[in-house]
Structure formats: structure tokens, C-alpha cells
file target_32.pdb (PDB, C-alpha atoms)
ATOM      1  CA  ILE A   1     -71.751   0.460  71.379
ATOM      2  CA  THR A   2     -68.644  -1.595  72.043
ATOM      3  CA  CYS A   3     -66.648  -2.916  69.128
ATOM      4  CA  SER A   4     -63.465  -4.945  69.285
ATOM      5  CA  LEU A   5     -61.483  -5.307  66.049
ATOM      6  CA  THR A   6     -58.079  -6.874  65.591
ATOM      7  CA  LEU A   7     -57.475  -5.264  62.207
ATOM      8  CA  SER A   8     -55.832  -1.841  62.165
ATOM      9  CA  LYS A   9     -57.892  -0.832  59.156
ATOM     10  CA  VAL A  10     -60.760  -2.103  57.092
ATOM     11  CA  SER A  11     -60.750  -1.622  53.343
ATOM     12  CA  PHE A  12     -64.010  -1.266  51.480
ATOM     13  CA  LEU A  13     -63.988  -2.002  47.753
ATOM     14  CA  LEU A  14     -67.621  -1.025  47.510
ATOM     15  CA  LEU A  15     -70.245  -0.368  50.153
ATOM     16  CA  LEU A  16     -73.627   0.593  48.785
ATOM     17  CA  VAL A  17     -76.409   1.271  51.265
ATOM     18  CA  ASN A  18     -79.780   2.056  49.715
ATOM     19  CA  ILE A  19     -82.042   3.831  52.210
ATOM     20  CA  PRO A  20     -85.157   5.756  51.146
ATOM     21  CA  ASN A  21     -84.034   9.260  50.181
ATOM     22  CA  PHE A  22     -80.407   8.340  50.957
ATOM     23  CA  ILE A  23     -77.806   6.579  48.802
ATOM     24  CA  ILE A  24     -74.421   6.382  50.465
ATOM     25  CA  THR A  25     -71.516   4.999  48.473
ATOM     26  CA  VAL A  26     -68.136   4.377  50.058
ATOM     27  CA  SER A  27     -65.545   3.225  47.558
ATOM     28  CA  SER A  28     -61.914   2.231  48.195
ATOM     29  CA  TYR A  29     -61.800   3.766  51.679
ATOM     30  CA  SER A  30     -59.571   2.586  54.505
ATOM     31  CA  LEU A  31     -61.195   3.108  57.894
ATOM     32  CA  ARG A  32     -59.743   2.680  61.348
ATOM     33  CA  PRO A  33     -61.915   0.591  63.706
ATOM     34  CA  HIS A  34     -63.376   3.575  65.588
ATOM     35  CA  ARG A  35     -64.309   5.286  62.317
ATOM     36  CA  LEU A  36     -66.000   2.095  61.139
ATOM     37  CA  VAL A  37     -68.124   2.157  64.294
ATOM     38  CA  LEU A  38     -69.152   5.760  63.556
ATOM     39  CA  VAL A  39     -70.157   4.825  60.013
ATOM     40  CA  LEU A  40     -72.223   1.900  61.256
ATOM     41  CA  GLN A  41     -73.910   4.105  63.869
ATOM     42  CA  LEU A  42     -74.827   6.629  61.162
ATOM     43  CA  LEU A  43     -76.279   3.930  58.922
ATOM     44  CA  LEU A  44     -78.303   2.494  61.791
ATOM     45  CA  ARG A  45     -79.617   5.966  62.595
ATOM     46  CA  LEU A  46     -80.666   6.582  58.997
ATOM     47  CA  SER A  47     -82.341   3.186  58.858
ATOM     48  CA  SER A  48     -84.340   3.906  62.023
ATOM     49  CA  CYS A  49     -85.449   7.288  60.642
ATOM     50  CA  ALA A  50     -86.652   5.661  57.437
ATOM     51  CA  ALA A  51     -88.717   3.160  59.425
ATOM     52  CA  ALA A  52     -90.630   5.682  61.492
ATOM     53  CA  MET A  53     -94.382   5.775  61.939
ATOM     54  CA  ARG A  54     -95.498   9.154  60.616
ATOM     55  CA  LEU A  55     -98.226  11.608  61.618
ATOM     56  CA  VAL A  56     -99.011  14.860  59.834
ATOM     57  CA  VAL A  57    -100.756  16.885  62.523
ATOM     58  CA  GLN A  58    -102.849  19.969  61.802
ATOM     59  CA  ARG A  59    -104.438  22.334  64.285
ATOM     60  CA  VAL A  60    -107.928  22.920  62.945
ATOM     61  CA  LYS A  61    -111.016  25.005  63.559
ATOM     62  CA  SER A  62    -113.081  22.172  62.069
ATOM     63  CA  ALA A  63    -112.602  18.992  60.046
ATOM     64  CA  SER A  64    -114.739  16.239  58.550
ATOM     65  CA  VAL A  65    -114.533  12.984  56.594
ATOM     66  CA  THR A  66    -117.055  12.053  53.913
ATOM     67  CA  VAL A  67    -117.412   8.572  52.387
ATOM     68  CA  ASP A  68    -119.885   7.871  49.562
ATOM     69  CA  ASN A  69    -121.413  11.336  49.983
ATOM     70  CA  GLU A  70    -122.070  10.712  53.687
ATOM     71  CA  VAL A  71    -120.280  12.563  56.475
ATOM     72  CA  ILE A  72    -119.024   9.827  58.800
ATOM     73  CA  SER A  73    -116.920  11.933  61.204
ATOM     74  CA  GLN A  74    -116.607  15.602  62.027
ATOM     75  CA  ILE A  75    -115.046  17.734  64.733
ATOM     76  CA  GLY A  76    -114.899  21.373  65.754
ATOM     77  CA  PRO A  77    -111.658  22.888  67.109
ATOM     78  CA  GLY A  78    -108.961  20.293  67.652
ATOM     79  CA  ILE A  79    -106.490  18.139  65.737
ATOM     80  CA  MET A  80    -106.737  16.449  62.370
ATOM     81  CA  ALA A  81    -103.999  13.825  62.014
ATOM     82  CA  LEU A  82    -103.015  11.907  58.896
ATOM     83  CA  VAL A  83    -101.596   8.583  60.080
ATOM     84  CA  GLY A  84     -99.002   6.635  58.095
ATOM     85  CA  ILE A  85     -97.775   3.213  59.217
ATOM     86  CA  HIS A  86     -94.391   1.968  58.021
ATOM     87  CA  GLU A  87     -93.942  -1.688  57.104
ATOM     88  CA  ASN A  88     -91.621  -2.219  60.101
ATOM     89  CA  ASP A  89     -93.689  -0.407  62.718
ATOM     90  CA  THR A  90     -94.620  -2.114  65.983
ATOM     91  CA  GLU A  91     -96.837  -1.372  68.963
ATOM     92  CA  GLU A  92     -93.875   0.472  70.465
ATOM     93  CA  ASP A  93     -93.996   2.975  67.594
ATOM     94  CA  VAL A  94     -97.766   3.277  67.989
ATOM     95  CA  ALA A  95     -97.538   3.982  71.722
ATOM     96  CA  TYR A  96     -94.825   6.592  71.178
ATOM     97  CA  CYS A  97     -96.804   8.487  68.519
ATOM     98  CA  ALA A  98    -100.045   8.350  70.506
ATOM     99  CA  ARG A  99     -98.268   9.798  73.545
ATOM    100  CA  ARG A 100     -96.673  12.542  71.459
ATOM    101  CA  LEU A 101     -99.947  13.452  69.741
ATOM    102  CA  LEU A 102    -101.809  13.791  73.025
ATOM    103  CA  GLY A 103     -98.956  15.822  74.495
ATOM    104  CA  ALA A 104     -98.401  18.223  71.585
ATOM    105  CA  LYS A 105     -98.861  21.804  72.818
ATOM    106  CA  LEU A 106    -100.373  23.611  69.848
ATOM    107  CA  TRP A 107    -102.489  26.283  71.544
ATOM    108  CA  GLU A 108    -101.873  29.368  73.607
ATOM    109  CA  ASN A 109    -102.839  29.641  77.262
ATOM    110  CA  GLY A 110    -105.238  32.112  78.850
ATOM    111  CA  ASN A 111    -102.479  34.714  79.144
ATOM    112  CA  GLY A 112    -101.660  34.606  75.434
ATOM    113  CA  GLY A 113     -98.521  32.490  75.854
ATOM    114  CA  GLN A 114     -97.937  30.548  72.630
ATOM    115  CA  TRP A 115     -97.550  26.740  72.527
ATOM    116  CA  ARG A 116     -98.663  26.152  76.109
ATOM    117  CA  HIS A 117    -101.776  23.943  75.928
ATOM    118  CA  GLY A 118    -102.446  20.571  74.354
ATOM    119  CA  VAL A 119    -105.640  19.018  73.070
ATOM    120  CA  LYS A 120    -106.439  17.456  76.455
ATOM    121  CA  THR A 121    -106.125  20.730  78.330
ATOM    122  CA  LYS A 122    -108.366  22.438  75.785
ATOM    123  CA  GLU A 123    -110.783  19.469  75.864
ATOM    124  CA  TYR A 124    -110.824  19.416  72.065
ATOM    125  CA  GLU A 125    -111.355  16.471  69.711
ATOM    126  CA  ILE A 126    -108.991  14.517  67.475
ATOM    127  CA  LEU A 127    -109.867  13.269  63.988
ATOM    128  CA  CYS A 128    -107.511  10.607  62.601
ATOM    129  CA  VAL A 129    -107.338   9.575  58.954
ATOM    130  CA  SER A 130    -105.299   6.566  57.817
ATOM    131  CA  GLN A 131    -102.900   7.663  55.072
ATOM    132  CA  PHE A 132    -100.546   5.093  53.530
ATOM    133  CA  THR A 133     -99.565   7.622  50.825
ATOM    134  CA  LEU A 134     -97.390   9.410  53.398
ATOM    135  CA  TYR A 135     -94.757   6.841  52.401
ATOM    136  CA  GLY A 136     -95.019   7.496  48.676
ATOM    137  CA  THR A 137     -91.731   7.972  46.821
ATOM    138  CA  LEU A 138     -91.155   9.093  43.237
ATOM    139  CA  SER A 139     -88.298   6.736  42.495
ATOM    140  CA  ASN A 140     -88.980   5.598  38.937
ATOM    141  CA  LYS A 141     -88.611   7.248  35.544
ATOM    142  CA  LYS A 142     -92.364   7.606  35.071
ATOM    143  CA  TRP A 143     -92.717   9.634  38.285
ATOM    144  CA  GLN A 144     -95.358   7.235  39.563
ATOM    145  CA  PRO A 145     -95.598   7.040  43.387
ATOM    146  CA  ASP A 146     -94.251   3.882  44.989
ATOM    147  CA  TYR A 147     -95.782   2.896  48.332
ATOM    148  CA  LYS A 148     -93.724  -0.182  49.154
ATOM    149  CA  LEU A 149     -92.570   1.318  52.468
ATOM    150  CA  ALA A 150     -96.131   1.397  53.783
ATOM    151  CA  MET A 151     -97.343  -1.581  55.787
ATOM    152  CA  LYS A 152     -99.666  -4.014  53.994
ATOM    153  CA  SER A 153    -103.376  -3.427  54.438
ATOM    154  CA  ILE A 154    -104.391  -6.166  56.908
ATOM    155  CA  PRO A 155    -101.589  -5.720  59.499
ATOM    156  CA  ALA A 156    -101.740  -1.930  59.004
ATOM    157  CA  GLU A 157    -105.444  -1.866  59.844
ATOM    158  CA  GLU A 158    -104.785  -3.843  63.028
ATOM    159  CA  LEU A 159    -101.963  -1.514  64.089
ATOM    160  CA  TYR A 160    -104.055   1.547  63.208
ATOM    161  CA  ALA A 161    -106.838   0.221  65.448
ATOM    162  CA  THR A 162    -104.252  -0.214  68.202
ATOM    163  CA  PHE A 163    -103.192   3.403  67.695
ATOM    164  CA  LEU A 164    -106.775   4.629  68.080
ATOM    165  CA  GLY A 165    -107.104   2.475  71.182
ATOM    166  CA  LYS A 166    -103.994   4.080  72.709
ATOM    167  CA  LEU A 167    -105.445   7.545  72.079
ATOM    168  CA  LYS A 168    -108.743   6.570  73.699
ATOM    169  CA  GLN A 169    -106.939   5.117  76.707
ATOM    170  CA  GLY A 170    -104.937   8.299  77.141
ATOM    171  CA  TYR A 171    -107.845  10.695  76.682
ATOM    172  CA  GLU A 172    -111.656  10.542  76.464
ATOM    173  CA  ALA A 173    -112.769   7.835  74.030
ATOM    174  CA  GLU A 174    -115.670   9.862  72.648
ATOM    175  CA  LYS A 175    -113.266  12.633  71.612
ATOM    176  CA  ILE A 176    -111.267  10.332  69.309
ATOM    177  CA  LEU A 177    -112.805  10.040  65.845
ATOM    178  CA  ASP A 178    -111.528   8.575  62.582
ATOM    179  CA  GLY A 179    -112.343   8.024  58.942
ATOM    180  CA  LYS A 180    -112.840   4.666  57.243
ATOM    181  CA  PHE A 181    -109.700   2.593  56.812
ATOM    182  CA  GLY A 182    -108.944   1.756  53.177
ATOM    183  CA  ALA A 183    -111.843   3.764  51.769
ATOM    184  CA  MET A 184    -111.819   6.663  49.336
ATOM    185  CA  MET A 185    -112.429   9.632  51.603
ATOM    186  CA  ASP A 186    -113.130  13.308  51.093
ATOM    187  CA  VAL A 187    -111.358  15.153  53.890
ATOM    188  CA  GLN A 188    -112.250  18.770  54.595
ATOM    189  CA  LEU A 189    -110.666  21.024  57.191
ATOM    190  CA  ILE A 190    -109.987  24.592  58.167
ATOM    191  CA  ASN A 191    -106.389  24.794  59.302
ATOM    192  CA  ASP A 192    -106.088  27.154  62.254
ATOM    193  CA  GLY A 193    -102.986  29.297  61.791
ATOM    194  CA  PRO A 194    -102.010  27.472  59.690
ATOM    195  CA  VAL A 195    -100.274  25.123  62.126
ATOM    196  CA  THR A 196     -98.922  21.823  60.799
ATOM    197  CA  ILE A 197     -96.281  19.599  62.399
ATOM    198  CA  VAL A 198     -94.894  16.130  61.687
ATOM    199  CA  ILE A 199     -94.505  13.482  64.393
ATOM    200  CA  GLU A 200     -92.333  10.450  63.688
ATOM    201  CA  SER A 201     -91.736   7.566  66.030
ATOM    202  CA  ASP A 202     -88.470   7.170  67.867
ATOM    203  CA  PRO A 203     -89.389   4.799  70.705
ATOM    204  CA  LYS A 204     -85.809   4.232  71.834
ATOM    205  CA  VAL A 205     -85.526   6.640  74.768
ATOM    206  CA  PRO A 206     -81.895   7.163  75.915
ATOM    207  CA  VAL A 207     -80.766   5.873  79.294
ATOM    208  CA  GLY A 208     -81.288   8.522  81.978
ATOM    209  CA  VAL A 209     -84.374   9.990  80.306
ATOM    210  CA  GLU A 210     -87.937   9.419  81.418
ATOM    211  CA  VAL A 211     -91.060  10.335  79.467
ATOM    212  CA  GLU A 212     -93.795  12.065  81.422
ATOM    213  CA  ASP A 213     -97.486  11.535  80.806
ATOM    214  CA  GLY A 214     -98.201  13.562  77.704
ATOM    215  CA  GLY A 215     -94.977  12.655  75.962
ATOM    216  CA  GLU A 216     -92.423  15.215  77.171
ATOM    217  CA  PRO A 217     -88.967  13.745  77.939
ATOM    218  CA  THR A 218     -87.240  14.868  81.128
ATOM    219  CA  ALA A 219     -83.693  14.220  82.255
ATOM    220  CA  THR A 220     -83.202  12.230  85.422
ATOM    221  CA  ALA A 221     -80.265  12.226  87.784
ATOM    222  CA  PRO A 222     -78.024   9.150  87.682
ATOM    223  CA  PRO A 223     -78.464   6.732  90.611
TER     224      PRO A 223
END
call {"tool": "encode", "arguments": {"input": "target_32.pdb", "output": "C-alpha cells"}}
result
Amino acid sequence: ITCSLTLSKVSFLLLLVNIPNFIITVSSYSLRPHRLVLVLQLLLRLSSCAAAMRLVVQRVKSASVTVDNEVISQIGPGIMALVGIHENDTEEDVAYCARRLLGAKLWENGNGGQWRHGVKTKEYEILCVSQFTLYGTLSNKKWQPDYKLAMKSIPAEELYATFLGKLKQGYEAEKILDGKFGAMMDVQLINDGPVTIVIESDPKVPVGVEVEDGGEPTATAPP
């Protein structure tokens, strides 16, 4: 980032930035131009973190989704992923998370080496469940969850369908299953381990870094 300021210092009477889970107040501070840039970079970073698409990924021995007393999806060994879509998410976030999910190495190899094989290598299945409550916050006096950070239902369903499509493109379509968007679902699973990780989108890959198929970033030599 390049910033050119003619003032030797910038005085803040009050700067209040309200970011989910973060409230930063800077009062009566004098900052030199380069320090102002650092503050702005920090705020931008926090804003991008708050706007991430979110997956809660569990390695399972089995999982199923039941709607109206009918099992609509079930898998054996594989991944069960709760999928939350932020109100500011785009197809770029979706592509990033799909690539990361397919590339996550959650199983050991044949020699007993931990965290060596992903779902594709093991030829396992993936069960996705839409989960807007991943963005719930307890920010009011009544301790009632607020879900305003989650994307609205209609655009979220479209982006969720895009996410499933990305997974099917990157793997075998018949191995990608899901629940019923917007429905009341009973989700059952046996967590294998237990192993649970969180994937959040960060589609802005730094210059000089390439992402291999499967989602692992690798450094590249400068031209």
C-alpha cells in the first residue's frame, strides 16, 4: 500500500470502528503518516476476517441428515461440513473454501503418517449442511442470537448451490451430498477422533504464491 500525506501528524478526536467481536476506540491520538497506514491495514484485515465464508469440518465415521422423519442423505467415512455464508461473500470465497475442503488432509497414510491423505485420496464422501447460525452473535442484553451477518436466504441458497457445484467439479459428483437448504434438519454423526477444523475464506493470495490443485499454497520464485 502506498500512501502520500502532506501532514506530519493526524489527530483523531474519536475513531470508533465496530467490527463483529472487535471494538477499537482510538481517542485523542496523534499518529504519524506511516503509523496511520498501519492502523488502516489492521482495520482492513479485521474487516476481511469478519466477512469470511465459514466451514466447520468434521472427520466422521458416518453422518446423516433427516427431514420430516425421512433420511435424505447419509454417508459412511468422510467429511461432514457445516457451511455458513457471510452477507458479503462472493463466488471467489466459495471457490477458495471448496478448494480448501477438498485439499484438507485429515487422514493418515498407509504407513501410519498422520495428516497425509485427503478425502479424494481416500475416495470418501462429503456431506454438506447449510448453517446460517455459524454467524450468530450474542450482542444484546437478552442473550438472543443475532444472525444479521449471515447472507439473506435467496442469495445464500444460490451461492450455496454454487459451492456444491464447485465441490462436484473438483471431485466425483456422486460423492457430494447435502441436506435441505432452509429446512429444519436432524443431523447425526460419529466424529472420528474427534477431528474438527474450521475453514474460512481468504481468497486474496499474495503475489508470488500459487495455489496447487487441492488448495495448498506454494511459493514461487520471482521472475
call {"tool": "resolve_selection", "arguments": {"input": "target_32.pdb", "expression": "the PyMOL selection byres ((chain A and resi 69-83) around 8)", "output": "compact mmCIF listing (two decimals) with C-alpha atoms, keeping the file's coordinate frame"}}
result
# COMPACT_ATOMS: atom_id res chain seq x y z
CA MET A 53 -94.38 5.78 61.94
CA ARG A 54 -95.50 9.15 60.62
CA LEU A 55 -98.23 11.61 61.62
CA VAL A 56 -99.01 14.86 59.83
CA VAL A 57 -100.76 16.89 62.52
CA GLN A 58 -102.85 19.97 61.80
CA ARG A 59 -104.44 22.33 64.28
CA VAL A 60 -107.93 22.92 62.94
CA LYS A 61 -111.02 25.00 63.56
CA SER A 62 -113.08 22.17 62.07
CA ALA A 63 -112.60 18.99 60.05
CA SER A 64 -114.74 16.24 58.55
CA VAL A 65 -114.53 12.98 56.59
CA THR A 66 -117.06 12.05 53.91
CA VAL A 67 -117.41 8.57 52.39
CA ASP A 68 -119.88 7.87 49.56
CA GLY A 84 -99.00 6.64 58.10
CA ILE A 85 -97.78 3.21 59.22
CA VAL A 119 -105.64 19.02 73.07
CA TYR A 124 -110.82 19.42 72.06
CA GLU A 125 -111.36 16.47 69.71
CA ILE A 126 -108.99 14.52 67.47
CA LEU A 127 -109.87 13.27 63.99
CA CYS A 128 -107.51 10.61 62.60
CA VAL A 129 -107.34 9.57 58.95
CA SER A 130 -105.30 6.57 57.82
CA GLN A 131 -102.90 7.66 55.07
CA PHE A 132 -100.55 5.09 53.53
CA LEU A 134 -97.39 9.41 53.40
CA LEU A 177 -112.80 10.04 65.84
CA ASP A 178 -111.53 8.57 62.58
CA GLY A 179 -112.34 8.02 58.94
CA LEU A 189 -110.67 21.02 57.19
call {"tool": "atom_distance", "arguments": {"input": "target_32.pdb", "atom1": "CA of Lys168 (chain A)", "atom2": "CA of Ile199 (chain A)"}}
result
18.4 Å
call {"tool": "closest_residue", "arguments": {"input": "target_32.pdb", "among": "A:Cys97, A:Asp89, A:Glu172, A:Thr162", "to": "Thr121 (chain A)", "atoms": "only C-alpha atoms"}}
result
A:Glu172
call {"tool": "resolve_selection", "arguments": {"input": "target_32.pdb", "expression": "the PyMOL selection byres ((chain A and resi 90) around 12)", "output": "ChimeraX atom specification"}}
result
/A:51-53,85-89,91-97,151,155-156,158-160,162-163,201-203
call {"tool": "atom_distance", "arguments": {"input": "target_32.pdb", "atom1": "CA of Ser153 (chain A)", "atom2": "CA of Leu138 (chain A)"}}
result
20.8 Å
call {"tool": "closest_residue", "arguments": {"input": "target_32.pdb", "among": "A:Lys180, A:His117, A:Lys142, A:Arg99", "to": "Ala161 (chain A)", "atoms": "only C-alpha atoms"}}
result
A:Lys180
call {"tool": "atom_distance", "arguments": {"input": "target_32.pdb", "atom1": "CA of Leu167 (chain A)", "atom2": "CA of Ala98 (chain A)"}}
result
5.7 Å
call {"tool": "residues_near_point", "arguments": {"input": "target_32.pdb", "point": "(-97.5, 25.7, 69.6)", "cutoff": "10 Å", "atoms": "only C-alpha atoms", "output": "NGL selection string"}}
result
:A and (59 or 104-108 or 113-118 or 195-197)
call {"tool": "axis_aligned_box", "arguments": {"input": "target_32.pdb", "around": "region 116-120 of chain A", "padding_each_side": "5 Å", "output": "lines of an AutoDock Vina configuration file"}}
result
center_x = -102.6
center_y = 21.8
center_z = 74.8
size_x = 17.8
size_y = 18.7
size_z = 13.4
call {"tool": "closest_residue", "arguments": {"input": "target_32.pdb", "among": "A:Ala183, A:Lys148, A:Gly110, A:Ile176", "to": "Tyr135 (chain A)", "atoms": "all atoms listed in the file"}}
result
A:Lys148
call {"tool": "decode", "arguments": {"input": "target_32.pdb", "residues": "region 74-165 of chain A", "atoms": "C-alpha atoms", "output": "PDB file, in the first residue's frame"}}
result
ATOM      1  CA  GLN A  74     -26.183 -40.279   4.556  1.00  0.00           C
ATOM      2  CA  ILE A  75     -22.517 -41.138   4.204  1.00  0.00           C
ATOM      3  CA  GLY A  76     -20.013 -43.567   5.665  1.00  0.00           C
ATOM      4  CA  PRO A  77     -16.423 -42.464   6.396  1.00  0.00           C
ATOM      5  CA  GLY A  78     -15.690 -38.979   5.121  1.00  0.00           C
ATOM      6  CA  ILE A  79     -16.374 -35.329   5.909  1.00  0.00           C
ATOM      7  CA  MET A  80     -19.406 -33.615   7.366  1.00  0.00           C
ATOM      8  CA  ALA A  81     -19.207 -29.859   6.763  1.00  0.00           C
ATOM      9  CA  LEU A  82     -21.433 -27.155   8.215  1.00  0.00           C
ATOM     10  CA  VAL A  83     -21.466 -24.315   5.686  1.00  0.00           C
ATOM     11  CA  GLY A  84     -22.014 -20.686   6.681  1.00  0.00           C
ATOM     12  CA  ILE A  85     -22.253 -17.911   4.090  1.00  0.00           C
ATOM     13  CA  HIS A  86     -21.483 -14.336   5.119  1.00  0.00           C
ATOM     14  CA  GLU A  87     -23.561 -11.482   3.724  1.00  0.00           C
ATOM     15  CA  ASN A  88     -20.555 -10.180   1.744  1.00  0.00           C
ATOM     16  CA  ASP A  89     -19.361 -13.492   0.325  1.00  0.00           C
ATOM     17  CA  THR A  90     -18.798 -13.918  -3.409  1.00  0.00           C
ATOM     18  CA  GLU A  91     -18.005 -16.758  -5.785  1.00  0.00           C
ATOM     19  CA  GLU A  92     -14.339 -16.103  -5.039  1.00  0.00           C
ATOM     20  CA  ASP A  93     -14.925 -17.052  -1.395  1.00  0.00           C
ATOM     21  CA  VAL A  94     -16.886 -20.121  -2.489  1.00  0.00           C
ATOM     22  CA  ALA A  95     -14.129 -21.321  -4.821  1.00  0.00           C
ATOM     23  CA  TYR A  96     -11.484 -20.822  -2.134  1.00  0.00           C
ATOM     24  CA  CYS A  97     -13.399 -22.813   0.502  1.00  0.00           C
ATOM     25  CA  ALA A  98     -14.280 -25.611  -1.920  1.00  0.00           C
ATOM     26  CA  ARG A  99     -10.614 -25.963  -2.880  1.00  0.00           C
ATOM     27  CA  ARG A 100      -9.536 -25.991   0.762  1.00  0.00           C
ATOM     28  CA  LEU A 101     -12.171 -28.552   1.758  1.00  0.00           C
ATOM     29  CA  LEU A 102     -11.169 -30.954  -0.998  1.00  0.00           C
ATOM     30  CA  GLY A 103      -7.498 -30.488  -0.144  1.00  0.00           C
ATOM     31  CA  ALA A 104      -7.739 -30.865   3.644  1.00  0.00           C
ATOM     32  CA  LYS A 105      -5.512 -33.758   4.752  1.00  0.00           C
ATOM     33  CA  LEU A 106      -7.370 -35.271   7.691  1.00  0.00           C
ATOM     34  CA  TRP A 107      -6.342 -38.930   7.473  1.00  0.00           C
ATOM     35  CA  GLU A 108      -3.186 -40.925   7.937  1.00  0.00           C
ATOM     36  CA  ASN A 109      -1.433 -42.715   5.092  1.00  0.00           C
ATOM     37  CA  GLY A 110      -0.748 -46.430   4.762  1.00  0.00           C
ATOM     38  CA  ASN A 111       2.432 -46.101   6.824  1.00  0.00           C
ATOM     39  CA  GLY A 112       0.636 -44.509   9.771  1.00  0.00           C
ATOM     40  CA  GLY A 113       1.806 -40.968   8.992  1.00  0.00           C
ATOM     41  CA  GLN A 114      -0.746 -38.519  10.406  1.00  0.00           C
ATOM     42  CA  TRP A 115      -2.442 -35.818   8.288  1.00  0.00           C
ATOM     43  CA  ARG A 116      -1.249 -37.157   4.942  1.00  0.00           C
ATOM     44  CA  HIS A 117      -4.387 -38.022   2.940  1.00  0.00           C
ATOM     45  CA  GLY A 118      -7.421 -36.010   1.921  1.00  0.00           C
ATOM     46  CA  VAL A 119     -10.957 -37.073   1.126  1.00  0.00           C
ATOM     47  CA  LYS A 120     -10.167 -37.521  -2.577  1.00  0.00           C
ATOM     48  CA  THR A 121      -7.220 -39.810  -1.938  1.00  0.00           C
ATOM     49  CA  LYS A 122      -9.323 -41.905   0.432  1.00  0.00           C
ATOM     50  CA  GLU A 123     -12.243 -41.843  -2.044  1.00  0.00           C
ATOM     51  CA  TYR A 124     -14.603 -40.898   0.780  1.00  0.00           C
ATOM     52  CA  GLU A 125     -17.814 -38.856   0.643  1.00  0.00           C
ATOM     53  CA  ILE A 126     -18.660 -35.331   1.765  1.00  0.00           C
ATOM     54  CA  LEU A 127     -21.939 -34.328   3.416  1.00  0.00           C
ATOM     55  CA  CYS A 128     -22.624 -30.575   3.470  1.00  0.00           C
ATOM     56  CA  VAL A 129     -25.240 -28.896   5.644  1.00  0.00           C
ATOM     57  CA  SER A 130     -26.142 -25.219   5.217  1.00  0.00           C
ATOM     58  CA  GLN A 131     -25.774 -23.457   8.572  1.00  0.00           C
ATOM     59  CA  PHE A 132     -26.509 -19.725   8.796  1.00  0.00           C
ATOM     60  CA  THR A 133     -26.296 -19.918  12.616  1.00  0.00           C
ATOM     61  CA  LEU A 134     -22.497 -20.073  12.316  1.00  0.00           C
ATOM     62  CA  TYR A 135     -22.726 -16.272  12.202  1.00  0.00           C
ATOM     63  CA  GLY A 136     -24.830 -15.951  15.340  1.00  0.00           C
ATOM     64  CA  THR A 137     -23.674 -13.365  17.880  1.00  0.00           C
ATOM     65  CA  LEU A 138     -24.940 -12.754  21.409  1.00  0.00           C
ATOM     66  CA  SER A 139     -24.770  -8.983  21.289  1.00  0.00           C
ATOM     67  CA  ASN A 140     -27.917  -7.889  23.111  1.00  0.00           C
ATOM     68  CA  LYS A 141     -28.936  -7.811  26.762  1.00  0.00           C
ATOM     69  CA  LYS A 142     -31.387 -10.687  26.360  1.00  0.00           C
ATOM     70  CA  TRP A 143     -28.656 -13.017  25.067  1.00  0.00           C
ATOM     71  CA  GLN A 144     -30.706 -13.777  21.972  1.00  0.00           C
ATOM     72  CA  PRO A 145     -28.628 -14.781  18.906  1.00  0.00           C
ATOM     73  CA  ASP A 146     -28.371 -12.201  16.143  1.00  0.00           C
ATOM     74  CA  TYR A 147     -27.780 -13.541  12.629  1.00  0.00           C
ATOM     75  CA  LYS A 148     -27.513 -10.295  10.687  1.00  0.00           C
ATOM     76  CA  LEU A 149     -24.041 -11.207   9.390  1.00  0.00           C
ATOM     77  CA  ALA A 150     -25.423 -14.211   7.521  1.00  0.00           C
ATOM     78  CA  MET A 151     -26.428 -13.731   3.900  1.00  0.00           C
ATOM     79  CA  LYS A 152     -30.163 -13.473   3.184  1.00  0.00           C
ATOM     80  CA  SER A 153     -31.916 -16.689   2.241  1.00  0.00           C
ATOM     81  CA  ILE A 154     -32.397 -16.331  -1.537  1.00  0.00           C
ATOM     82  CA  PRO A 155     -28.857 -15.187  -2.497  1.00  0.00           C
ATOM     83  CA  ALA A 156     -27.386 -17.554   0.122  1.00  0.00           C
ATOM     84  CA  GLU A 157     -29.152 -20.536  -1.433  1.00  0.00           C
ATOM     85  CA  GLU A 158     -27.781 -19.598  -4.857  1.00  0.00           C
ATOM     86  CA  LEU A 159     -24.231 -19.242  -3.522  1.00  0.00           C
ATOM     87  CA  TYR A 160     -24.562 -22.488  -1.554  1.00  0.00           C
ATOM     88  CA  ALA A 161     -25.590 -24.265  -4.765  1.00  0.00           C
ATOM     89  CA  THR A 162     -22.519 -22.767  -6.435  1.00  0.00           C
ATOM     90  CA  PHE A 163     -20.385 -24.129  -3.598  1.00  0.00           C
ATOM     91  CA  LEU A 164     -21.781 -27.638  -4.078  1.00  0.00           C
ATOM     92  CA  GLY A 165     -21.162 -27.299  -7.802  1.00  0.00           C
TER      93      GLY A 165
END
